Each structure stands twice: as structure tokens, then as C-alpha cells.
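Data file: target.cif. Format and content: mmCIF, C-alpha atoms and all ligand atoms.
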```cif
data_entry
#
loop_
_atom_site.label_atom_id
_atom_site.label_comp_id
_atom_site.auth_asym_id
_atom_site.auth_seq_id
_atom_site.Cartn_x
_atom_site.Cartn_y
_atom_site.Cartn_z
CA MET A 256 -8.14 -16.20 19.03
CA LYS A 257 -10.24 -14.07 16.68
CA VAL A 258 -8.58 -10.98 15.24
CA LEU A 259 -10.05 -8.46 12.84
CA ALA A 260 -7.81 -6.60 10.36
CA VAL A 261 -9.31 -3.29 9.29
CA ASN A 262 -8.28 -1.00 6.45
CA ALA A 263 -10.36 2.19 6.35
CA GLY A 264 -10.29 4.80 3.61
CA SER A 265 -12.19 8.07 3.44
CA SER A 266 -15.25 6.33 1.92
CA SER A 267 -14.42 2.64 2.31
CA LEU A 268 -13.73 0.01 4.93
CA LYS A 269 -12.06 -3.31 4.13
CA PHE A 270 -11.96 -6.05 6.75
CA GLN A 271 -10.69 -9.58 7.18
CA MET A 272 -11.23 -11.72 10.25
CA TYR A 273 -8.69 -14.35 11.23
CA GLU A 274 -8.43 -17.25 13.60
CA MET A 275 -4.95 -16.71 15.05
CA PRO A 276 -2.25 -17.91 15.24
CA GLU A 277 -3.37 -20.31 12.48
CA GLU A 278 -3.90 -17.30 10.17
CA LYS A 279 -7.13 -18.86 8.94
CA VAL A 280 -9.40 -16.34 7.21
CA LEU A 281 -12.94 -16.67 8.64
CA ILE A 282 -14.70 -13.90 6.73
CA SER A 283 -13.74 -10.83 4.74
CA GLY A 284 -15.46 -7.95 3.06
CA LEU A 285 -15.55 -4.41 1.81
CA PHE A 286 -17.86 -1.49 2.58
CA GLU A 287 -17.85 1.11 -0.18
CA ARG A 288 -19.21 4.53 -1.01
CA ILE A 289 -19.66 5.41 2.68
CA GLY A 290 -21.19 8.89 2.89
CA ILE A 291 -22.20 8.73 -0.81
CA ASP A 292 -24.84 5.97 -1.11
CA GLY A 293 -23.35 2.72 0.09
CA SER A 294 -22.89 -0.95 -0.64
CA TYR A 295 -21.00 -3.85 0.85
CA THR A 296 -19.65 -7.20 -0.16
CA ILE A 297 -19.00 -10.11 2.18
CA LYS A 298 -16.89 -13.15 1.33
CA LEU A 299 -17.36 -16.35 3.30
CA ASN A 300 -16.58 -19.98 2.42
CA GLY A 301 -15.72 -19.03 -1.17
CA GLU A 302 -19.06 -17.27 -1.66
CA LYS A 303 -19.55 -13.56 -2.26
CA VAL A 304 -22.66 -11.61 -1.27
CA LYS A 305 -23.22 -7.99 -2.32
CA LYS A 306 -25.82 -5.72 -0.75
CA ASP A 307 -26.77 -2.12 -1.50
CA VAL A 308 -27.65 -0.27 1.70
CA PRO A 309 -27.39 3.36 2.68
CA LEU A 310 -24.11 3.95 4.53
CA ASN A 311 -24.03 7.48 5.88
CA THR A 312 -21.09 7.07 8.23
CA HIS A 313 -18.25 4.68 9.04
CA LYS A 314 -20.08 3.97 12.31
CA GLU A 315 -23.08 2.62 10.37
CA ALA A 316 -20.74 0.41 8.34
CA VAL A 317 -19.08 -0.99 11.49
CA GLN A 318 -22.49 -1.61 13.07
CA ILE A 319 -23.58 -3.60 9.99
CA LEU A 320 -20.26 -5.45 10.03
CA ILE A 321 -20.87 -6.48 13.65
CA ASP A 322 -24.43 -7.61 12.85
CA GLU A 323 -23.24 -9.63 9.85
CA LEU A 324 -20.49 -11.35 11.87
CA LYS A 325 -23.27 -12.56 14.19
CA ASN A 326 -25.73 -13.37 11.32
CA TYR A 327 -23.15 -15.53 9.60
CA GLY A 328 -22.31 -17.24 12.89
CA VAL A 329 -18.65 -16.17 12.73
CA VAL A 330 -19.03 -14.89 16.30
CA GLU A 331 -21.83 -15.32 18.79
CA ASP A 332 -20.71 -12.47 20.95
CA MET A 333 -18.51 -9.52 20.01
CA ASN A 334 -16.34 -10.21 23.05
CA GLU A 335 -14.94 -13.18 21.11
CA ILE A 336 -13.00 -10.64 19.05
CA LYS A 337 -9.86 -10.19 21.09
CA GLY A 338 -7.98 -7.86 18.77
CA VAL A 339 -8.71 -5.26 16.10
CA GLY A 340 -5.76 -4.17 13.98
CA HIS A 341 -6.03 -0.94 12.03
CA ARG A 342 -4.01 0.02 9.00
CA VAL A 343 -2.95 3.61 9.69
CA VAL A 344 -1.47 5.49 6.77
CA HIS A 345 0.79 7.97 8.55
CA GLY A 346 2.77 7.33 11.70
CA GLY A 347 5.26 10.13 10.93
CA ASP A 348 8.67 9.46 12.46
CA LYS A 349 7.04 8.49 15.76
CA TYR A 350 6.34 4.84 15.00
CA SER A 351 8.57 2.28 13.37
CA GLU A 352 6.57 -0.63 14.82
CA SER A 353 2.90 -1.35 15.38
CA VAL A 354 1.52 -0.08 18.72
CA LEU A 355 -1.36 -0.63 21.11
CA ILE A 356 -3.82 2.21 20.62
CA THR A 357 -4.19 4.49 23.61
CA ASP A 358 -5.55 8.03 24.01
CA GLU A 359 -1.97 9.23 23.63
CA VAL A 360 -1.57 7.39 20.30
CA ILE A 361 -4.83 8.92 19.02
CA LYS A 362 -3.47 12.35 19.96
CA VAL A 363 -0.29 11.69 17.92
CA LEU A 364 -2.39 10.54 14.94
CA GLU A 365 -4.40 13.76 15.20
CA ASP A 366 -1.19 15.79 15.27
CA LEU A 367 -0.12 13.98 12.08
CA ILE A 368 -3.28 14.95 10.14
CA PRO A 369 -1.48 17.77 8.27
CA LEU A 370 0.83 15.11 6.78
CA ALA A 371 -2.05 12.82 5.73
CA PRO A 372 -5.13 15.05 5.48
CA LEU A 373 -7.21 12.52 3.52
CA HIS A 374 -6.21 9.31 5.28
CA ASN A 375 -5.52 9.82 8.99
CA PRO A 376 -8.96 11.38 9.78
CA ALA A 377 -10.73 8.28 8.35
CA ASN A 378 -8.37 5.99 10.28
CA ILE A 379 -9.01 7.89 13.54
CA THR A 380 -12.79 7.85 12.99
CA VAL A 381 -12.84 4.09 12.49
CA ILE A 382 -10.51 3.42 15.44
CA ASN A 383 -12.84 5.43 17.68
CA VAL A 384 -15.91 3.58 16.40
CA PHE A 385 -14.30 0.20 17.16
CA ARG A 386 -13.13 1.40 20.59
CA GLU A 387 -16.73 2.33 21.33
CA LEU A 388 -18.49 -0.71 19.81
CA VAL A 389 -15.95 -3.42 20.68
CA PRO A 390 -14.47 -2.02 23.91
CA GLU A 391 -13.07 -5.32 25.17
CA ALA A 392 -10.82 -5.89 22.14
CA THR A 393 -7.17 -4.82 22.05
CA GLN A 394 -6.85 -2.14 19.37
CA VAL A 395 -3.60 -1.97 17.43
CA ALA A 396 -2.29 0.54 14.87
CA VAL A 397 -0.15 -0.81 12.03
CA PHE A 398 1.56 1.97 10.11
CA ASP A 399 2.11 2.25 6.36
CA THR A 400 5.17 4.34 7.11
CA GLY A 401 6.63 2.08 9.83
CA PHE A 402 8.83 -0.25 7.76
CA HIS A 403 10.59 2.69 6.09
CA GLN A 404 11.75 4.21 9.36
CA THR A 405 15.11 2.42 9.01
CA MET A 406 16.13 4.77 6.16
CA LYS A 407 19.18 6.92 6.92
CA GLU A 408 18.98 10.71 6.97
CA GLU A 409 20.95 10.93 3.72
CA ASN A 410 18.22 8.89 2.02
CA PHE A 411 15.12 10.33 3.67
CA LEU A 412 16.02 14.03 3.59
CA TYR A 413 15.28 16.35 0.69
CA PRO A 414 17.98 18.84 -0.23
CA VAL A 415 15.87 21.79 0.95
CA PRO A 416 16.47 24.15 3.90
CA TYR A 417 17.16 21.88 6.89
CA GLU A 418 14.73 23.91 9.01
CA TRP A 419 11.84 22.58 6.87
CA TYR A 420 12.63 19.17 8.29
CA GLN A 421 13.28 20.41 11.84
CA ASN A 422 10.24 22.65 12.06
CA TYR A 423 7.70 21.03 9.74
CA GLY A 424 8.76 17.40 9.37
CA VAL A 425 9.46 17.77 5.64
CA ARG A 426 11.19 14.47 4.74
CA LYS A 427 10.57 11.24 2.91
CA TYR A 428 8.35 8.90 4.94
CA GLY A 429 7.44 6.25 2.35
CA PHE A 430 4.20 4.26 2.22
CA HIS A 431 2.91 0.73 1.49
CA GLY A 432 5.34 -0.28 4.25
CA THR A 433 3.29 -3.26 5.41
CA SER A 434 3.34 -4.65 1.87
CA HIS A 435 7.07 -4.02 1.38
CA LYS A 436 7.74 -5.74 4.71
CA TYR A 437 5.56 -8.75 3.88
CA VAL A 438 6.94 -9.22 0.36
CA SER A 439 10.61 -8.72 1.28
CA GLY A 440 10.18 -11.06 4.27
CA ARG A 441 8.56 -13.73 2.11
CA CYS A 442 11.33 -13.25 -0.47
CA GLN A 443 13.99 -13.81 2.23
CA GLU A 444 12.25 -17.10 3.05
CA LEU A 445 12.21 -18.09 -0.62
CA LEU A 446 15.89 -17.16 -1.01
CA GLY A 447 16.61 -19.10 2.16
CA LYS A 448 18.74 -16.33 3.63
CA GLN A 449 18.37 -13.27 5.82
CA ASP A 450 21.39 -11.39 4.42
CA SER A 451 19.85 -10.36 1.14
CA LYS A 452 19.45 -7.46 -1.25
CA ILE A 453 15.86 -7.21 -2.46
CA ILE A 454 14.02 -4.72 -4.65
CA VAL A 455 10.26 -4.75 -4.08
CA CYS A 456 8.01 -3.32 -6.80
CA HIS A 457 4.57 -2.71 -5.28
CA ILE A 458 2.75 -1.60 -8.41
CA GLY A 459 -1.01 -1.23 -8.22
CA ASN A 460 -3.21 1.80 -8.63
CA GLY A 461 -0.72 3.49 -6.31
CA GLY A 462 2.84 2.28 -6.62
CA SER A 463 6.16 2.33 -4.83
CA ILE A 464 9.52 0.65 -5.10
CA SER A 465 11.80 -0.08 -2.17
CA ALA A 466 15.34 -1.24 -1.59
CA VAL A 467 15.57 -3.74 1.27
CA LYS A 468 18.93 -4.86 2.66
CA ASN A 469 19.06 -7.69 5.21
CA GLY A 470 15.38 -7.16 5.96
CA GLU A 471 15.62 -3.38 6.48
CA CYS A 472 14.35 -0.71 4.13
CA ILE A 473 17.18 1.55 3.02
CA ASP A 474 15.25 3.62 0.48
CA THR A 475 11.79 3.86 -1.04
CA SER A 476 10.25 5.82 -3.88
CA MET A 477 7.28 7.50 -2.18
CA GLY A 478 8.09 10.57 -0.14
CA LEU A 479 6.50 13.17 2.12
CA SER A 480 3.25 12.03 0.52
CA PRO A 481 2.24 9.05 -1.64
CA ASN A 482 2.53 11.30 -4.71
CA ALA A 483 6.25 10.77 -5.28
CA GLY A 484 8.38 8.22 -7.08
CA ILE A 485 7.03 6.26 -10.02
CA MET A 486 4.14 7.17 -12.31
CA MET A 487 0.88 5.69 -10.99
CA GLY A 488 -2.75 5.21 -12.04
CA THR A 489 -3.71 8.85 -11.49
CA ARG A 490 -0.67 10.26 -9.68
CA ALA A 491 2.25 11.92 -11.40
CA GLY A 492 4.99 10.71 -9.07
CA ASP A 493 8.30 12.63 -9.27
CA ILE A 494 8.00 15.97 -11.07
CA ASP A 495 9.84 19.27 -11.28
CA THR A 496 8.10 21.23 -8.52
CA SER A 497 8.50 24.46 -10.50
CA MET A 498 5.54 23.41 -12.64
CA VAL A 499 3.23 24.17 -9.71
CA LEU A 500 4.10 27.88 -9.74
CA TYR A 501 4.28 27.86 -13.54
CA MET A 502 0.76 26.43 -13.91
CA LYS A 503 -0.55 28.78 -11.22
CA ASN A 504 0.83 31.81 -13.06
CA ASN A 505 0.07 30.68 -16.60
CA ALA A 506 -3.03 28.48 -16.45
CA GLY A 507 -4.84 30.46 -13.76
CA MET A 508 -5.14 27.37 -11.58
CA THR A 509 -5.09 27.50 -7.80
CA VAL A 510 -2.46 25.47 -5.93
CA GLU A 511 -5.27 23.16 -4.73
CA GLU A 512 -6.45 22.58 -8.31
CA ILE A 513 -2.91 21.79 -9.41
CA ASP A 514 -2.42 19.43 -6.47
CA ASN A 515 -5.71 17.72 -7.33
CA ALA A 516 -4.63 17.33 -10.97
CA LEU A 517 -1.25 15.90 -9.93
CA ASN A 518 -2.98 13.36 -7.67
CA LYS A 519 -6.14 12.49 -9.57
CA LYS A 520 -5.73 13.43 -13.24
CA SER A 521 -2.13 12.50 -13.94
CA GLY A 522 -0.21 9.24 -14.30
CA LEU A 523 -1.61 6.62 -16.71
CA LEU A 524 -4.91 8.53 -16.86
CA GLY A 525 -3.29 11.88 -17.58
CA ILE A 526 -1.06 10.64 -20.38
CA SER A 527 -3.46 8.15 -22.01
CA GLY A 528 -6.59 10.28 -21.64
CA VAL A 529 -8.32 6.89 -21.50
CA SER A 530 -8.06 5.30 -18.05
CA SER A 531 -6.05 4.91 -14.87
CA ASP A 532 -6.49 1.14 -15.03
CA SER A 533 -3.60 -0.72 -16.59
CA ARG A 534 -6.00 -3.29 -18.09
CA ASP A 535 -7.59 -0.51 -20.17
CA ILE A 536 -4.15 0.80 -21.10
CA GLU A 537 -3.10 -2.68 -22.24
CA ASP A 538 -6.26 -2.96 -24.33
CA GLY A 539 -5.45 0.45 -25.85
CA VAL A 540 -1.90 -0.70 -26.62
CA LYS A 541 -3.28 -3.76 -28.45
CA GLU A 542 -5.61 -1.50 -30.47
CA GLY A 543 -2.68 0.75 -31.41
CA ASN A 544 -3.88 3.76 -29.38
CA GLU A 545 -0.79 6.00 -29.43
CA ARG A 546 -1.48 7.74 -26.14
CA CYS A 547 -1.92 4.38 -24.41
CA ILE A 548 1.36 3.17 -25.92
CA LEU A 549 3.07 6.34 -24.69
CA ALA A 550 1.53 5.99 -21.21
CA GLN A 551 2.62 2.35 -20.92
CA ASN A 552 6.16 3.14 -22.14
CA MET A 553 6.51 5.98 -19.64
CA TYR A 554 5.09 3.83 -16.83
CA VAL A 555 7.56 1.04 -17.50
CA GLN A 556 10.52 3.43 -17.84
CA LYS A 557 9.84 5.17 -14.51
CA ILE A 558 9.79 1.80 -12.76
CA VAL A 559 12.98 0.70 -14.51
CA ASN A 560 14.69 3.94 -13.44
CA TYR A 561 13.98 3.19 -9.78
CA ILE A 562 15.01 -0.46 -10.04
CA ALA A 563 18.29 0.60 -11.65
CA GLN A 564 18.88 3.23 -8.95
CA TYR A 565 18.22 0.74 -6.14
CA TYR A 566 20.30 -1.96 -7.83
CA VAL A 567 23.29 0.37 -7.52
CA LEU A 568 22.34 1.56 -4.03
CA LEU A 569 22.17 -2.06 -2.84
CA GLY A 570 25.36 -2.98 -4.70
CA GLY A 571 23.50 -5.56 -6.80
CA ALA A 572 20.36 -7.50 -6.01
CA ASP A 573 19.50 -11.07 -5.09
CA ALA A 574 15.90 -10.62 -6.14
CA ILE A 575 13.35 -8.30 -7.69
CA CYS A 576 9.78 -8.90 -6.49
CA PHE A 577 6.58 -7.86 -8.22
CA THR A 578 3.45 -7.36 -6.14
CA ALA A 579 0.03 -5.54 -6.01
CA GLY A 580 -2.57 -5.32 -8.80
CA VAL A 581 -0.29 -4.66 -11.77
CA GLY A 582 2.77 -6.48 -10.42
CA GLU A 583 0.83 -9.65 -9.65
CA ASN A 584 -1.37 -9.68 -12.75
CA SER A 585 0.23 -7.94 -15.71
CA LYS A 586 2.65 -10.20 -17.55
CA ALA A 587 3.06 -7.51 -20.24
CA THR A 588 4.25 -4.90 -17.74
CA ARG A 589 6.57 -7.33 -15.92
CA SER A 590 8.11 -8.48 -19.16
CA ALA A 591 8.56 -4.91 -20.51
CA ILE A 592 10.31 -3.91 -17.25
CA ILE A 593 12.67 -6.88 -17.18
CA GLU A 594 13.47 -6.51 -20.89
CA LYS A 595 14.90 -3.07 -20.11
CA LEU A 596 17.14 -4.59 -17.42
CA ALA A 597 18.80 -6.99 -19.87
CA CYS A 598 22.10 -5.07 -19.62
CA LEU A 599 22.31 -6.25 -15.98
CA GLY A 600 21.88 -9.86 -17.06
CA ILE A 601 18.38 -10.07 -15.56
CA LYS A 602 16.05 -12.31 -17.58
CA ILE A 603 12.63 -13.85 -17.18
CA ASP A 604 11.16 -16.94 -18.76
CA PRO A 605 8.02 -16.04 -20.79
CA VAL A 606 6.37 -19.34 -19.91
CA LYS A 607 6.94 -18.92 -16.16
CA ASN A 608 5.82 -15.29 -16.46
CA ASP A 609 2.48 -16.38 -17.92
CA VAL A 610 0.70 -16.42 -14.55
CA ARG A 611 -1.57 -14.18 -12.53
CA GLY A 612 -1.62 -13.67 -8.80
CA VAL A 613 0.39 -16.76 -7.88
CA GLU A 614 3.69 -16.82 -6.01
CA THR A 615 6.15 -17.80 -8.75
CA LEU A 616 9.84 -17.59 -9.58
CA ILE A 617 9.75 -16.19 -13.12
CA SER A 618 13.45 -15.61 -13.83
CA THR A 619 15.50 -17.93 -16.03
CA ASP A 620 18.13 -20.19 -14.46
CA ASP A 621 20.92 -18.05 -15.93
CA SER A 622 19.46 -14.71 -14.77
CA THR A 623 21.91 -12.75 -12.58
CA CYS A 624 19.10 -11.96 -10.18
CA LYS A 625 15.97 -13.89 -9.23
CA VAL A 626 12.63 -12.35 -10.21
CA TYR A 627 9.52 -13.30 -8.22
CA ILE A 628 5.83 -12.61 -8.25
CA ILE A 629 4.83 -12.50 -4.58
CA PRO A 630 1.16 -11.62 -3.94
CA THR A 631 1.09 -9.15 -1.10
CA ASP A 632 -0.88 -9.74 2.10
CA GLU A 633 -1.13 -6.61 4.19
CA GLU A 634 -4.08 -8.01 6.15
CA VAL A 635 -2.16 -10.97 7.54
CA MET A 636 0.63 -8.63 8.66
CA ILE A 637 -1.95 -6.51 10.51
CA ALA A 638 -3.42 -9.67 12.10
CA ARG A 639 0.03 -10.96 13.13
CA ASP A 640 1.07 -7.70 14.82
CA THR A 641 -2.34 -7.43 16.52
CA TYR A 642 -2.10 -11.00 17.79
CA HIS A 643 1.42 -10.47 19.13
CA LEU A 644 0.59 -7.18 20.86
CA ALA A 645 -2.67 -8.55 22.29
CA ASN A 646 -0.72 -11.44 23.83
CA LYS A 647 2.13 -9.38 25.29
P1 LIG A 701 -4.21 -2.40 -6.44
O1 LIG A 701 -4.13 -0.92 -6.21
O2 LIG A 701 -3.03 -3.15 -5.92
O3 LIG A 701 -5.53 -2.99 -6.00
O4 LIG A 701 -4.15 -2.59 -8.01
C1 LIG A 701 -5.21 -2.23 -8.84
C2 LIG A 701 -4.75 -2.13 -10.25
O5 LIG A 701 -4.20 -3.39 -10.68
C3 LIG A 701 -5.87 -1.86 -11.23
O6 LIG A 701 -6.15 -0.50 -11.31
C4 LIG A 701 -5.29 -2.39 -12.51
O7 LIG A 701 -4.59 -1.33 -13.11
C5 LIG A 701 -4.29 -3.44 -12.10
N1 LIG A 701 -4.68 -4.78 -12.56
C6 LIG A 701 -5.50 -5.66 -11.95
N2 LIG A 701 -5.64 -6.78 -12.70
C7 LIG A 701 -4.88 -6.61 -13.80
C8 LIG A 701 -4.59 -7.41 -14.97
N3 LIG A 701 -5.12 -8.61 -15.14
N4 LIG A 701 -3.74 -6.89 -15.88
C9 LIG A 701 -3.22 -5.67 -15.73
N5 LIG A 701 -3.45 -4.89 -14.67
C10 LIG A 701 -4.27 -5.34 -13.72
#
```

Would you encode the structure as C-alpha cells?
Ligand code: AMP
Amino acid sequence: MKVLAVNAGSSSLKFQMYEMPEEKVLISGLFERIGIDGSYTIKLNGEKVKKDVPLNTHKEAVQILIDELKNYGVVEDMNEIKGVGHRVVHGGDKYSESVLITDEVIKVLEDLIPLAPLHNPANITVINVFRELVPEATQVAVFDTGFHQTMKEENFLYPVPYEWYQNYGVRKYGFHGTSHKYVSGRCQELLGKQDSKIIVCHIGNGGSISAVKNGECIDTSMGLSPNAGIMMGTRAGDIDTSMVLYMKNNAGMTVEEIDNALNKKSGLLGISGVSSDSRDIEDGVKEGNERCILAQNMYVQKIVNYIAQYYVLLGGADAICFTAGVGENSKATRSAIIEKLACLGIKIDPVKNDVRGVETLISTDDSTCKVYIIPTDEEVMIARDTYHLANK
């Protein structure tokens, strides 16, 4: 059965088509700069093709995607696609599991737009385009927030007036849930046990840490929005909220400008003044650039703070897992983080750590806790849920 996993952003659309239940990837690709100018890349049989074409709307991108699936002979007829799974950023507290998309679900996603003003509108647009262009396929929503719905009130509430939660839904939701679920699940398999205490470090351009006990998330570092928790590429993460009013009153900035700076001009970029990309920061560190050194030290420390917090919350840990762009690829960042956890008896082997993007156990035999690199796979999780719901 052919299933398409779709991940739409405000100006991008990533897709991967699977033969299920074998989980065989048939074709994948990325449409970029939708509404700006446009280009797309398609990957098939180990080959990559890039084309520059005007992409005014997501609908145009989906139309080209459909044409290319036929051109490349992946499908002869669109009706062969039995399921389309959509990554949806915000499911609020309505959805802890993936769901079949109905008019009612679309209405809920629209109601949740205030909580995800940049992401949910793009997700809804693309869902509607697929419902129109591939009407026979079962459409499924897989939520970034879903996995974190097992958190208890004491962990997901902020200590602010309770009415903010009751009347406006102000609480921690958490994001990257599909990745945290995949990585912690894979880690349980590697540990060979379900009853486990796992800390997942999803560190990429965005980043979040989660504490997973016996397969359930008990806490996570992102909050009401993705701009909470650790320092990220361009996001500040946790800050003293008083600086918003302070900067408004003293720097003459509007709240929107401050919010934009906290999301797009902070983090590694804000501190280094060089780049949001950890590869550039690492190059700067090697060249002795002091702001890059400071940015990297702060980045590592914020991650260590969360790992330490979750280590105590879990009452110890069986494993720490690194995933996403930085976690999978940066041996320098992994090693700097684990070095700071030496007081807990956690150690990695520099030789085992000298890998990129490969599932590996990198801790030493005498480490008190196993440390893994587990490349994330959000797309396969979307395909699995879509397959299961389409066959119910
Ligand atoms: P993601 O958001 O998961 O796609 O991660 C993207 C980020 O991963 C990039 O912005 C880089 O900062 C980081 N990254 C990718 N490759 C490397 C590498 N070889 N070394 C360090 N960081 C990397």
C-alpha cells in the first residue's frame, strides 16, 4: 500500500512516499521557497534532481508533486495512493494520538491557529489541497504535540493565574513529539526493555529535550510555543519574560519586534553574531572567535541543565539519546555535553563518538548510563500511523 508522508511549512513542503507495511521509501523530496520564487529537489534510487520553477502556492507544489510521481513511474494513477499523512504542528490538548482528518478536525485545527499562527495555517492549506487533488486517499493528521500529552498538570502548567490556562489554554504543550516518540521507542528496543528512563535530546536548528518514562513523556523543554527550553539556532529558549516589557520601554521596540528578535535573531546567531548553524559556530571556535566560543559554551550548558533536571525527575536514566542535525552530526557538541555530566558517572568513548548520522552506542562500558546516537525518522512515524488508521 502506498502512503505519502507530508511535512508542510509556511514556504516549504517535504514529502516521502512509502510502500507499507514494508516501510520502503519509494521517492522523497522537498519543495522550497513557495510564494517567494520556488525550487524543488526529488530523490529517487539514490539520485537527486533539483529544478528551479516558480511556485506561487502550496497547491502548485502539490500539483507538480503529483505530476512527478507519475513521470517517475512511482504511481500510474493517483488512486494508488491510499493514505496521506500530514505532520501537524499543534493539536492543542485535543489530540494525543494521530487522527483521520474530517471537517470537524479541520475546524479544531483552525481554532488552534492562535497557538500556532505560523504553522497551523500552512498545515491546513496543504491538507485541503490534498483532500481536493487526491480525494480517494485517507488523510491523517500526526501531531507534533501528541506524544507530550501524557505530561501531568504539575509539569505542564506554568505558575501563572490558573484562569490563563482555563480560559486561554496557556500551558506547556511541547513539540517535536513525533521525533521524541520515535527515538525513545527505538531506544527501548535497543535497551531491550519497556520499563526504562530515557532522556531524548532532539537538537537541530530547533531543539528540545524530553524525559520519557516507560514509553511516556513526563516532561519536555518546549512550552506554549517552540520558543522555550534550550538555546537554539535562532531562538532564545527560556528567558526572563520581564525583558519583553523592559526592551519595549527602553529600546523603543514593539512587542512584535521583540518577539521576532527572540525567535529569529537570538540563540547561536544572537550570541555569536556569525551564524545560526552549528557548523559555522564550530568553525568559529576553531579559529578562536570569542563570540562563537561563548555561543557554543552557552548552548552546551543549557542542554546540560535540562539533562540534569530530567535525570533527577526520572530518578536516574538508563539512556541519553542524541538526535536531529546537531545531535546526530556534531561529535564536538555531544562530547562537550557529556563531559559536563562526568559527576553522574556518564562517559562516552571518543572513538565510538567519531561518527555522523549512524545509530551508535557511544558510551563507555563503565558509564552509569548508556548514550546513543539515534537518527530520527519522523516521516516513518507519519507513514506508520497513516497506514494503521487507513486499515482500521
Ligand atoms: P535540523 O533542524 O535537525 O535539520 O538540524 C539542522 C542543523 O544541524 C544545522 O543548522 C546545523 O546546525 C546542524 N548540523 C548539521 N550537520 C552538522 C555537522 N556536521 N556538524 C555540526 N552541526 C551540524

Residue nearest ligand LIG 701 (chain A) - candidates A:Asn552, A:Thr380, A:Ser265, A:Ser434, atoms counted: only C-alpha atoms and all ligand atoms: A:Ser434

Name the residues in contact with range 437-449 of chain A at a cut-off of 12 Å, using only C-alpha atoms, excluding same-chain residues fewer than 5 positions from it; report them as a ChimeraX atom specification. /A:399,402,431-432,454-457,464-472,572-579,582-583,614-616,624-637,639-640

Can you build me a table of chain A residues sitting at most 7 Å from ligand LIG 701 (chain A), with the closest atom pair per residue and its distance in Å to one decimal, using only C-alpha atoms and all ligand atoms, sorted by chain and residue number, as a Markdown table?
```
| residue | atom | partner | partner_atom | distance |
| --- | --- | --- | --- | --- |
| A:Ile458 | CA | A:LIG701 | O2 | 6.5 |
| A:Gly459 | CA | A:LIG701 | O4 | 3.4 |
| A:Asn460 | CA | A:LIG701 | O1 | 3.8 |
| A:Gly461 | CA | A:LIG701 | O1 | 5.6 |
| A:Gly488 | CA | A:LIG701 | O6 | 6.7 |
| A:Ser531 | CA | A:LIG701 | O6 | 6.5 |
| A:Asp532 | CA | A:LIG701 | O7 | 3.7 |
| A:Ser533 | CA | A:LIG701 | O7 | 3.7 |
| A:Arg534 | CA | A:LIG701 | C9 | 4.4 |
| A:Ala579 | CA | A:LIG701 | O2 | 3.9 |
| A:Gly580 | CA | A:LIG701 | O5 | 3.1 |
| A:Val581 | CA | A:LIG701 | C5 | 4.2 |
| A:Asn584 | CA | A:LIG701 | C8 | 4.5 |
| A:Ser585 | CA | A:LIG701 | N4 | 4.1 |
```

Starting from 6 Å padding per side, set up an axis-aligned box that covers all listed atoms of range 532-550 of chain A and hand over centre and edge lengths in Å, one decimal, as AutoDock Vina command-line options.
```
--center_x -2.3 --center_y 2.0 --center_z -23.2 --size_x 22.7 --size_y 23.5 --size_z 28.4
```

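In this comparison, which uses only C-alpha atoms, the residue of A:Gly340, A:Gly424, A:Pro309, A:Gly293 approaching Val261 in chain A most closely is A:Gly340.
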
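Residue nearest Met333 in chain A within the list A:Met406, A:Val540, A:Leu388, A:Ala516: A:Leu388 [criterion: smallest interatomic distance, only C-alpha atoms].
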
Just want the 7 Å neighbourhood of range 592-609 of chain A, counted on all atoms listed in the file, with same-chain residues fewer than 6 positions away dropped. Output as number ranges by chain. A: 555, 559, 586, 617-619, 622-624

What's the 7 Å shell around range 268-278 of chain A, counting only C-alpha atoms, without same-chain residues fewer than 6 positions away, as an NGL selection string? :A and (256-262 or 284-287 or 634 or 642)

Go through A:Thr509, A:Ser351, A:Thr393, A:Ser283 and flag the residue nearest Lys436 in chain A, using all atoms listed in the file for the distances.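 Smallest separation from Lys436 in chain A among the options: A:Ser351.
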
Rebuild range 341-353 of chain A so that it carries N, CA and C atoms, then output the result as a short mmCIF file (atom, residue, chain, number, x, y, z; two decimals), in the frame of the given file.
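Final file, out21.cif:
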```cif
data_model
loop_
_atom_site.label_atom_id
_atom_site.label_comp_id
_atom_site.auth_asym_id
_atom_site.auth_seq_id
_atom_site.Cartn_x
_atom_site.Cartn_y
_atom_site.Cartn_z
N HIS A 341 -5.67 -1.98 12.99
CA HIS A 341 -6.03 -0.94 12.03
C HIS A 341 -4.84 -0.55 11.18
N ARG A 342 -5.05 -0.54 9.86
CA ARG A 342 -4.01 0.02 9.00
C ARG A 342 -4.09 1.54 9.14
N VAL A 343 -2.99 2.16 9.56
CA VAL A 343 -2.95 3.61 9.69
C VAL A 343 -1.92 4.13 8.69
N VAL A 344 -2.35 5.08 7.87
CA VAL A 344 -1.47 5.49 6.77
C VAL A 344 -0.22 6.20 7.28
N HIS A 345 -0.38 7.17 8.18
CA HIS A 345 0.79 7.97 8.55
C HIS A 345 1.12 7.88 10.04
N GLY A 346 2.29 7.35 10.32
CA GLY A 346 2.77 7.33 11.70
C GLY A 346 3.92 8.31 11.89
N GLY A 347 4.16 9.15 10.86
CA GLY A 347 5.26 10.13 10.93
C GLY A 347 6.56 9.44 11.27
N ASP A 348 7.44 10.14 12.03
CA ASP A 348 8.67 9.46 12.46
C ASP A 348 8.54 8.98 13.90
N LYS A 349 7.29 8.92 14.37
CA LYS A 349 7.04 8.49 15.76
C LYS A 349 7.02 6.97 15.89
N TYR A 350 6.54 6.29 14.85
CA TYR A 350 6.34 4.84 15.00
C TYR A 350 7.04 4.04 13.91
N SER A 351 7.95 3.19 14.33
CA SER A 351 8.57 2.28 13.37
C SER A 351 7.95 0.89 13.50
N GLU A 352 7.23 0.66 14.58
CA GLU A 352 6.57 -0.63 14.82
C GLU A 352 5.10 -0.39 15.12
N SER A 353 4.32 -1.45 15.03
CA SER A 353 2.90 -1.35 15.38
C SER A 353 2.77 -1.09 16.89
#
```
